[in-house]
$ cat run.pdb   # PDB, C-alpha atoms
ATOM      1  CA  MET K 506     114.004 132.922  93.438
ATOM      2  CA  ALA K 507     116.294 131.345  96.047
ATOM      3  CA  VAL K 508     115.047 130.880  99.610
ATOM      4  CA  ALA K 509     116.684 133.242 102.120
ATOM      5  CA  THR K 510     118.217 130.665 104.442
ATOM      6  CA  PRO K 511     120.345 131.774 107.409
ATOM      7  CA  GLN K 512     123.414 130.559 105.510
ATOM      8  CA  ARG K 513     122.591 132.711 102.511
ATOM      9  CA  LEU K 514     121.943 135.731 104.717
ATOM     10  CA  LEU K 515     125.157 135.256 106.697
ATOM     11  CA  TRP K 516     127.366 134.887 103.617
ATOM     12  CA  HIS K 517     125.546 137.380 101.416
ATOM     13  CA  PRO K 518     127.858 139.977  99.798
ATOM     14  CA  LEU K 519     125.904 142.733 101.540
ATOM     15  CA  ALA K 520     126.583 141.073 104.909
ATOM     16  CA  ALA K 521     130.317 141.078 104.203
ATOM     17  CA  THR K 522     130.080 144.721 103.191
ATOM     18  CA  VAL K 523     128.183 145.627 106.352
ATOM     19  CA  LEU K 524     130.854 143.831 108.379
ATOM     20  CA  ILE K 525     133.515 146.098 106.871
ATOM     21  CA  GLY K 526     131.294 149.087 107.582
ATOM     22  CA  ALA K 527     130.862 147.953 111.178
ATOM     23  CA  VAL K 528     134.628 147.746 111.645
ATOM     24  CA  ALA K 529     134.871 151.273 110.257
ATOM     25  CA  ALA K 530     132.259 152.435 112.742
ATOM     26  CA  SER K 531     134.166 150.775 115.579
ATOM     27  CA  GLY K 532     137.250 152.667 114.416
ATOM     28  CA  VAL K 533     135.327 155.926 114.722
ATOM     29  CA  LEU K 534     134.274 155.024 118.260
ATOM     30  CA  LEU K 535     137.873 154.235 119.149
ATOM     31  CA  HIS K 536     138.940 157.545 117.657
ATOM     32  CA  LEU K 537     136.323 159.409 119.687
ATOM     33  CA  GLY K 538     137.629 157.592 122.724
ATOM     34  CA  ALA K 539     141.136 158.794 121.845
ATOM     35  CA  VAL K 540     142.389 155.240 121.435
ATOM     36  CA  SER K 541     145.586 155.307 119.373
ATOM     37  CA  ALA K 542     144.729 152.016 117.631
ATOM     38  CA  ALA K 543     141.970 153.811 115.734
ATOM     39  CA  SER K 544     144.487 154.787 113.059
ATOM     40  CA  LEU K 545     145.419 151.168 112.484
ATOM     41  CA  ILE K 546     141.732 150.248 112.311
ATOM     42  CA  GLY K 547     141.509 152.912 109.611
ATOM     43  CA  TRP K 548     144.263 151.227 107.614
ATOM     44  CA  LEU K 549     142.640 147.835 108.109
ATOM     45  CA  VAL K 550     139.256 149.109 106.939
ATOM     46  CA  ALA K 551     140.691 150.954 103.949
ATOM     47  CA  GLY K 552     142.554 147.795 102.960
ATOM     48  CA  ALA K 553     139.558 145.516 103.448
ATOM     49  CA  ALA K 554     137.216 147.850 101.561
ATOM     50  CA  GLY K 555     139.715 148.068  98.706
ATOM     51  CA  GLY K 556     140.194 144.313  98.679
ATOM     52  CA  PHE K 557     136.528 143.431  98.817
ATOM     53  CA  ALA K 558     135.614 146.055  96.225
ATOM     54  CA  VAL K 559     137.517 144.129  93.545
ATOM     55  CA  SER K 560     135.550 140.948  94.226
ATOM     56  CA  GLY K 561     134.089 141.012  90.765
ATOM     57  CA  SER K 562     137.436 140.289  89.196
ATOM     58  CA  THR K 563     137.903 136.737  90.480
TER
ATOM     59  CA  MET D  76     135.651 128.267  89.210
ATOM     60  CA  LEU D  77     135.440 129.096  92.926
ATOM     61  CA  ASN D  78     132.730 126.517  93.464
ATOM     62  CA  SER D  79     134.848 123.643  92.255
ATOM     63  CA  PRO D  80     135.261 120.943  94.955
ATOM     64  CA  VAL D  81     139.030 121.518  94.853
ATOM     65  CA  TRP D  82     138.419 124.888  96.493
ATOM     66  CA  ARG D  83     137.087 123.363  99.696
ATOM     67  CA  GLY D  84     139.306 122.831 102.711
ATOM     68  CA  SER D  85     143.045 123.435 102.571
ATOM     69  CA  PRO D  86     143.115 124.829  99.010
ATOM     70  CA  GLN D  87     140.791 127.592 100.118
ATOM     71  CA  LEU D  88     142.958 128.365 103.128
ATOM     72  CA  ALA D  89     146.070 128.333 100.962
ATOM     73  CA  PHE D  90     144.382 130.675  98.497
ATOM     74  CA  CYS D  91     143.378 133.107 101.260
ATOM     75  CA  LEU D  92     146.836 132.925 102.840
ATOM     76  CA  GLY D  93     148.342 133.637  99.443
ATOM     77  CA  GLN D  94     146.097 136.656  99.002
ATOM     78  CA  VAL D  95     147.221 138.118 102.310
ATOM     79  CA  LEU D  96     150.894 137.461 101.494
ATOM     80  CA  GLY D  97     150.515 138.975  98.037
ATOM     81  CA  ALA D  98     148.838 142.066  99.430
ATOM     82  CA  LEU D  99     151.595 142.385 102.027
ATOM     83  CA  ALA D 100     154.222 142.244  99.284
ATOM     84  CA  THR D 101     152.513 145.018  97.332
ATOM     85  CA  ALA D 102     152.034 147.152 100.454
ATOM     86  CA  LEU D 103     155.681 146.828 101.431
ATOM     87  CA  GLY D 104     156.798 147.557  97.868
ATOM     88  CA  ALA D 105     154.619 150.672  97.821
ATOM     89  CA  LEU D 106     156.006 151.703 101.200
ATOM     90  CA  VAL D 107     159.604 151.430 100.007
ATOM     91  CA  LEU D 108     158.956 153.407  96.814
ATOM     92  CA  GLY D 109     156.734 155.898  98.603
ATOM     93  CA  SER D 110     159.290 156.550 101.314
ATOM     94  CA  LEU D 111     161.427 158.153  98.619
ATOM     95  CA  VAL D 112     158.613 160.063  96.930
ATOM     96  CA  ARG D 113     157.139 161.450 100.156
ATOM     97  CA  LEU D 114     160.346 163.361 100.830
ATOM     98  CA  ALA D 115     159.440 165.709  97.996
ATOM     99  CA  ALA D 116     156.678 167.482  99.931
ATOM    100  CA  PRO D 117     155.285 167.815 103.464
ATOM    101  CA  PRO D 118     152.573 165.328 104.541
ATOM    102  CA  VAL D 119     149.797 167.921 104.272
ATOM    103  CA  VAL D 120     150.421 168.189 100.521
ATOM    104  CA  TRP D 121     150.057 164.432 100.083
ATOM    105  CA  ILE D 122     146.918 164.418 102.228
ATOM    106  CA  VAL D 123     145.286 167.116 100.093
ATOM    107  CA  LEU D 124     146.260 165.319  96.896
ATOM    108  CA  LEU D 125     144.969 161.988  98.203
ATOM    109  CA  VAL D 126     141.636 163.487  99.263
ATOM    110  CA  CYS D 127     141.236 165.065  95.820
ATOM    111  CA  TRP D 128     142.187 161.780  94.126
ATOM    112  CA  PHE D 129     139.691 159.893  96.282
ATOM    113  CA  GLY D 130     137.009 162.381  95.230
ATOM    114  CA  VAL D 131     137.789 161.717  91.573
ATOM    115  CA  ILE D 132     137.698 157.953  92.107
ATOM    116  CA  ALA D 133     134.449 158.217  94.080
ATOM    117  CA  VAL D 134     132.596 159.942  91.254
ATOM    118  CA  ARG D 135     134.129 157.468  88.801
ATOM    119  CA  GLU D 136     132.843 154.549  90.871
ATOM    120  CA  PHE D 137     129.297 155.812  90.465
ATOM    121  CA  GLY D 138     129.658 156.398  86.750
ATOM    122  CA  VAL D 139     129.616 160.193  86.836
ATOM    123  CA  VAL D 140     132.903 160.245  84.956
ATOM    124  CA  SER D 141     134.595 157.494  83.024
ATOM    125  CA  PHE D 142     138.291 156.949  82.434
ATOM    126  CA  GLY D 143     140.609 154.000  82.356
ATOM    127  CA  LEU D 144     143.089 153.066  85.044
ATOM    128  CA  PRO D 145     146.202 150.949  84.534
ATOM    129  CA  GLN D 146     145.552 147.265  85.104
ATOM    130  CA  ASN D 147     146.835 143.901  84.028
ATOM    131  CA  ALA D 148     143.893 143.199  81.727
ATOM    132  CA  ARG D 149     144.373 139.450  81.513
ATOM    133  CA  LEU D 150     142.645 136.446  82.983
ATOM    134  CA  VAL D 151     144.670 134.171  85.229
ATOM    135  CA  PRO D 152     145.663 131.059  83.251
ATOM    136  CA  GLU D 153     144.748 127.570  84.469
ATOM    137  CA  THR D 154     148.455 126.725  84.651
ATOM    138  CA  VAL D 155     148.645 128.354  88.093
ATOM    139  CA  PHE D 156     147.194 125.129  89.495
ATOM    140  CA  ARG D 157     150.071 122.955  88.328
ATOM    141  CA  HIS D 158     151.714 123.096  91.758
ATOM    142  CA  GLY D 159     149.139 120.933  93.512
ATOM    143  CA  ARG D 160     146.354 121.391  96.047
ATOM    144  CA  PHE D 161     148.284 123.642  98.417
ATOM    145  CA  PHE D 162     151.009 125.446  96.502
ATOM    146  CA  GLY D 163     148.828 125.929  93.417
ATOM    147  CA  PRO D 164     146.122 127.905  95.265
ATOM    148  CA  LEU D 165     148.834 129.583  97.363
ATOM    149  CA  GLN D 166     150.579 130.865  94.249
ATOM    150  CA  PHE D 167     147.280 131.822  92.665
ATOM    151  CA  GLY D 168     146.233 133.680  95.808
ATOM    152  CA  LEU D 169     149.601 135.368  96.083
ATOM    153  CA  GLU D 170     149.365 136.645  92.527
ATOM    154  CA  MET D 171     145.773 137.767  93.024
ATOM    155  CA  GLY D 172     146.609 139.388  96.345
ATOM    156  CA  THR D 173     149.226 141.614  94.798
ATOM    157  CA  GLY D 174     146.455 143.257  92.790
ATOM    158  CA  LEU D 175     148.783 143.238  89.802
ATOM    159  CA  ARG D 176     147.850 139.905  88.236
ATOM    160  CA  THR D 177     144.500 140.494  86.589
ATOM    161  CA  TYR D 178     141.642 142.953  86.138
ATOM    162  CA  VAL D 179     140.952 145.491  88.900
ATOM    163  CA  THR D 180     137.232 146.197  88.911
ATOM    164  CA  SER D 181     137.203 148.993  91.491
ATOM    165  CA  GLY D 182     139.000 152.296  91.851
ATOM    166  CA  LEU D 183     139.523 151.966  95.611
ATOM    167  CA  PRO D 184     142.854 150.099  95.346
ATOM    168  CA  TYR D 185     144.105 153.011  93.259
ATOM    169  CA  VAL D 186     143.592 155.257  96.268
ATOM    170  CA  LEU D 187     144.803 152.729  98.818
ATOM    171  CA  LEU D 188     148.133 152.171  97.103
ATOM    172  CA  PRO D 189     149.261 155.828  97.028
ATOM    173  CA  ALA D 190     147.875 156.294 100.544
ATOM    174  CA  VAL D 191     150.124 153.490 101.775
ATOM    175  CA  ALA D 192     153.033 154.805  99.751
ATOM    176  CA  LEU D 193     152.731 158.388 100.941
ATOM    177  CA  LEU D 194     151.329 158.211 104.465
ATOM    178  CA  ALA D 195     151.808 154.799 106.041
ATOM    179  CA  SER D 196     154.316 153.755 108.668
ATOM    180  CA  PRO D 197     155.795 150.256 108.249
ATOM    181  CA  VAL D 198     153.252 148.831 110.713
ATOM    182  CA  ALA D 199     150.398 150.688 109.013
ATOM    183  CA  ALA D 200     151.494 149.340 105.623
ATOM    184  CA  LEU D 201     151.434 145.818 107.042
ATOM    185  CA  VAL D 202     147.959 146.354 108.473
ATOM    186  CA  ALA D 203     146.691 147.803 105.189
ATOM    187  CA  GLY D 204     148.171 144.827 103.332
ATOM    188  CA  VAL D 205     146.556 142.360 105.702
ATOM    189  CA  GLY D 206     143.277 144.265 105.351
ATOM    190  CA  PHE D 207     143.416 144.092 101.561
ATOM    191  CA  GLY D 208     144.168 140.375 101.652
ATOM    192  CA  LEU D 209     141.384 139.750 104.167
ATOM    193  CA  GLY D 210     138.972 141.778 102.042
ATOM    194  CA  ARG D 211     139.747 139.614  99.050
ATOM    195  CA  SER D 212     139.568 136.485 101.186
ATOM    196  CA  LEU D 213     136.197 137.577 102.516
ATOM    197  CA  MET D 214     134.885 137.385  98.980
ATOM    198  CA  THR D 215     136.279 133.876  98.513
ATOM    199  CA  SER D 216     134.987 132.618 101.850
ATOM    200  CA  SER D 217     131.524 134.070 101.565
ATOM    201  CA  ASN D 218     131.180 133.037  97.914
ATOM    202  CA  LEU D 219     131.983 129.413  98.735
ATOM    203  CA  ARG D 220     129.626 129.276 101.701
ATOM    204  CA  PHE D 221     126.740 131.170 100.130
ATOM    205  CA  SER D 222     125.783 128.536  97.572
ATOM    206  CA  ASP D 223     127.091 125.998  95.101
ATOM    207  CA  ASP D 224     125.704 127.665  92.012
ATOM    208  CA  ASN D 225     127.736 130.887  91.748
ATOM    209  CA  SER D 226     124.676 132.909  92.723
ATOM    210  CA  TRP D 227     126.864 134.978  95.086
ATOM    211  CA  ASP D 228     128.187 136.795  92.024
ATOM    212  CA  LEU D 229     124.640 137.431  90.887
ATOM    213  CA  GLU D 230     123.737 138.825  94.301
ATOM    214  CA  PHE D 231     126.843 141.018  94.188
ATOM    215  CA  SER D 232     125.695 142.402  90.849
ATOM    216  CA  LEU D 233     122.143 142.915  92.082
ATOM    217  CA  TYR D 234     123.288 144.922  95.101
ATOM    218  CA  GLU D 235     126.365 146.441  93.515
ATOM    219  CA  ARG D 236     125.274 150.036  94.028
ATOM    220  CA  GLN D 237     124.573 149.523  97.737
ATOM    221  CA  ILE D 238     127.802 147.556  98.156
ATOM    222  CA  LYS D 239     129.799 150.261  96.416
ATOM    223  CA  THR D 240     128.209 152.942  98.566
ATOM    224  CA  ILE D 241     128.912 151.167 101.851
ATOM    225  CA  LEU D 242     132.475 150.320 100.809
ATOM    226  CA  MET D 243     133.058 153.895  99.693
ATOM    227  CA  VAL D 244     131.839 155.256 103.034
ATOM    228  CA  ALA D 245     133.902 152.677 104.935
ATOM    229  CA  PHE D 246     136.975 153.500 102.865
ATOM    230  CA  ALA D 247     136.483 157.236 103.397
ATOM    231  CA  THR D 248     136.093 156.604 107.120
ATOM    232  CA  GLY D 249     139.300 154.582 107.105
ATOM    233  CA  LEU D 250     141.176 157.366 105.351
ATOM    234  CA  TRP D 251     139.757 159.899 107.775
ATOM    235  CA  LEU D 252     140.921 157.798 110.725
ATOM    236  CA  VAL D 253     144.358 157.549 109.154
ATOM    237  CA  MET D 254     144.659 161.254 108.404
ATOM    238  CA  SER D 255     143.140 162.682 111.581
TER
END

$ encode --input "run.pdb" --output "structure tokens"
Amino acid sequence: MAVATPQRLLWHPLAATVLIGAVAASGVLLHLGAVSAASLIGWLVAGAAGGFAVSGST
Amino acid sequence: MLNSPVWRGSPQLAFCLGQVLGALATALGALVLGSLVRLAAPPVVWIVLLVCWFGVIAVREFGVVSFGLPQNARLVPETVFRHGRFFGPLQFGLEMGTGLRTYVTSGLPYVLLPAVALLASPVAALVAGVGFGLGRSLMTSSNLRFSDDNSWDLEFSLYERQIKTILMVAFATGLWLVMS
């Protein structure tokens, strides 16, 4: 089994997924703060989630 | 293939740039076509339909139901690299970024595309396109930096259920932000 080095943790597929989730959460906070950019964050997150979800195809 | 030395440095950047450009092209194409279709009904109708469609795709993602979706079920040929270290990966990335070039292993793009077509403003379509390209590029970047032995793909498979769940929640949150 591979050693869990910082590099492997940082670039792990779950880390990338959590990053997208964190951006989504920040969008929610912006929305709760009535910041109009929250909608664009929503589009960005939906796009990124859709793009990353097809990672298995490359 | 991604761990080949030719993917380091500028080829990788060209590939990622191509993916963003390809995704932008698809998003703008969907926006143009959708701007005609969306005239047929008020936005609330499209929102209800999209939410229902997302529900169907969500249960499909977790294997509750199974049905095929249209895709270009072909592998990308090696000939895409004939244009050199920059334009080869750029073209390859552009074709991959469109989402129309090869297999599509998730249902989420099938919700994103009609959402862009039916709900997005021009700026929103651009942002969604950039997001899709960045999402694909995130895979390339993290795969290359994770290891040299393609074990990123193995890790993706190992944690696929968790990854799918988080992406599904993030996607649903994104749609909610867009629709609210």

$ atom_distance --input "run.pdb" --atom1 "atom CA of D:Ala190" --atom2 "atom CA of D:Tyr234"
27.6 Å

$ resolve_selection --input "run.pdb" --expression "the PyMOL selection byres ((chain K) within 6 of (chain D))" --output "NGL selection string"
:K and (513 or 516 or 518 or 526 or 529 or 544 or 547-560 or 562)

$ atom_distance --input "run.pdb" --atom1 "atom CA of D:Leu88" --atom2 "atom CA of D:Gly168"
9.6 Å

$ atom_distance --input "run.pdb" --atom1 "atom CA of D:Leu165" --atom2 "atom CA of D:Pro145"
25.1 Å

$ residues_around --input "run.pdb" --residues "D:Thr173" --least-positions-apart "2" --cutoff "7 Å" --atoms "all atoms listed in the file" --output "PyMOL selection string"
chain D and resi 97-98+100-101+169-171+175-176

$ residues_near_point --input "run.pdb" --point "(136.0, 157.7, 86.6)" --cutoff "12 Å" --atoms "all atoms listed in the file" --output "PyMOL selection string"
chain D and resi 128-144+180-183+185
